[in-house]
Amino acid sequence: MARRTTDPAPERAGHRERLIDAMAASIQQRGYRETTVADVVRLARTSRRNFYEHFDDRDACFLALFDATNDAMMEQIAAAVVPEQSLEEQVDHAIDAYIDNVTAQPALYSSFVRELPGLGQAGAERGLAVIERFAKLLIDLVESGRVVQPGLAARSLALDTAIIIVGGLRELAVISIQRGRDMRELRASAGATVKAILAGALF
């Protein structure tokens, strides 16, 4: 009879996800500055030793949460955009998904806005990396539309233009969060601006 072996990788991944989820829960309850490793461990129902097997410190867990949250948002945006629809409809759905995601987790995104700059180079690099990933997603979405609808755009979206769009939306979100403004009020103006930029860039 063959000896059964257990691969610990899925279990390790599960512990990491639980810790990230616990960090999110603690931020929503207490804010990041008041969150400790002990809080995260308690909410994740695991040990401090387990925490340090996955993260060097509290900031590393926070950055992992930042990545995971933005990855989930990108997945939702990609799922909301239908290549068969008009460019205007695709923009509307993408912006709706973006705004809905931010407004559904206000404490979390407020924490990202406030705390990421305080993490120095690591925070700055992570923020730039996310902008680049969002820009590449936007480029891919435009290309998917062009494949399905050859007349959707005369040319591909340039990376620099995609970064301008993504960076502008992010800064708009940051300012809105800092001023306590409801981001849902921005749907119309954000949509019109992005459509105008794309109209000039793609035709």
# chains A, B, ... in the order shown; residues from 1 in each chain; ligands from 1

call {"tool": "select_by_dssp", "arguments": {"residues": "chain A", "states": "alpha helix (DSSP H)", "output": "ChimeraX atom specification"}}
result
/A:9-30,37-44,48-54,58-80,87-104,106-115,120-148,159-178,187-202

call {"tool": "closest_atom_pairs", "arguments": {"of": "segment 4-62 of chain A", "to": "segment 108-116 of chain A", "cutoff": "7 Å", "atoms": "only C-alpha atoms", "output": "CSV"}}
result
residue,atom,partner,partner_atom,distance
A:Ala24,CA,A:Leu108,CA,6.9
A:Ile27,CA,A:Leu108,CA,6.6
A:Gln28,CA,A:Leu108,CA,6.3
A:Gly31,CA,A:Ser111,CA,7.0
A:Tyr32,CA,A:Ser111,CA,6.5

call {"tool": "residues_around", "arguments": {"residues": "segment 188-198 of chain A", "least_positions_apart": "5", "cutoff": "8 Å", "atoms": "only C-alpha atoms", "output": "ChimeraX atom specification"}}
result
/A:88,91-92,95,157,165,169

call {"tool": "write_last_selection", "arguments": {"atoms": "N, CA, C and O atoms", "output": "compact mmCIF listing (two decimals), in the first residue's frame"}}
result
# COMPACT_ATOMS: atom_id res chain seq x y z
N GLU A 88 -18.48 53.21 -25.07
CA GLU A 88 -19.08 54.02 -24.00
C GLU A 88 -19.66 53.14 -22.90
O GLU A 88 -19.50 53.44 -21.70
N VAL A 91 -16.83 51.59 -20.81
CA VAL A 91 -16.28 52.56 -19.87
C VAL A 91 -17.21 52.73 -18.67
O VAL A 91 -16.77 52.74 -17.50
N ASP A 92 -18.51 52.85 -18.93
CA ASP A 92 -19.48 53.03 -17.84
C ASP A 92 -19.43 51.85 -16.87
O ASP A 92 -19.42 52.04 -15.64
N ILE A 95 -16.10 51.87 -14.79
CA ILE A 95 -16.09 52.90 -13.74
C ILE A 95 -17.08 52.55 -12.64
O ILE A 95 -16.80 52.74 -11.45
N LEU A 157 -4.43 51.03 -27.29
CA LEU A 157 -4.24 52.04 -26.26
C LEU A 157 -2.79 52.01 -25.80
O LEU A 157 -2.26 50.96 -25.42
N ILE A 165 -4.98 57.73 -17.44
CA ILE A 165 -6.38 57.46 -17.07
C ILE A 165 -6.47 56.85 -15.68
O ILE A 165 -7.21 57.33 -14.80
N LEU A 169 -7.86 58.66 -12.20
CA LEU A 169 -9.00 58.11 -11.44
C LEU A 169 -8.59 57.84 -9.98
O LEU A 169 -9.37 58.08 -9.06

call {"tool": "closest_residue", "arguments": {"among": "A:Ala162, A:Ala79, A:Ala25, A:Ala64", "to": "Ala201 of chain A", "atoms": "only C-alpha atoms"}}
result
A:Ala162

call {"tool": "residues_around", "arguments": {"residues": "Thr35 of chain A", "least_positions_apart": "6", "cutoff": "9 Å", "atoms": "only C-alpha atoms", "output": "PyMOL selection string"}}
result
chain A and resi 23+26-27+29+58

call {"tool": "atom_distance", "arguments": {"atom1": "atom CA of Glu89 of chain A", "atom2": "atom CA of Thr69 of chain A"}}
result
24.7 Å

call {"tool": "residues_around", "arguments": {"residues": "segment 37-45 of chain A", "least_positions_apart": "2", "cutoff": "12 Å", "atoms": "only C-alpha atoms", "output": "PyMOL selection string"}}
result
chain A and resi 14-35+47-52+54-62

call {"tool": "closest_residue", "arguments": {"among": "A:Val81, A:Asn70, A:Val130, A:Ala124", "to": "Asn101 of chain A", "atoms": "only C-alpha atoms"}}
result
A:Asn70

call {"tool": "atom_distance", "arguments": {"atom1": "atom CA of Ile163 of chain A", "atom2": "atom CA of Asp67 of chain A"}}
result
17.8 Å
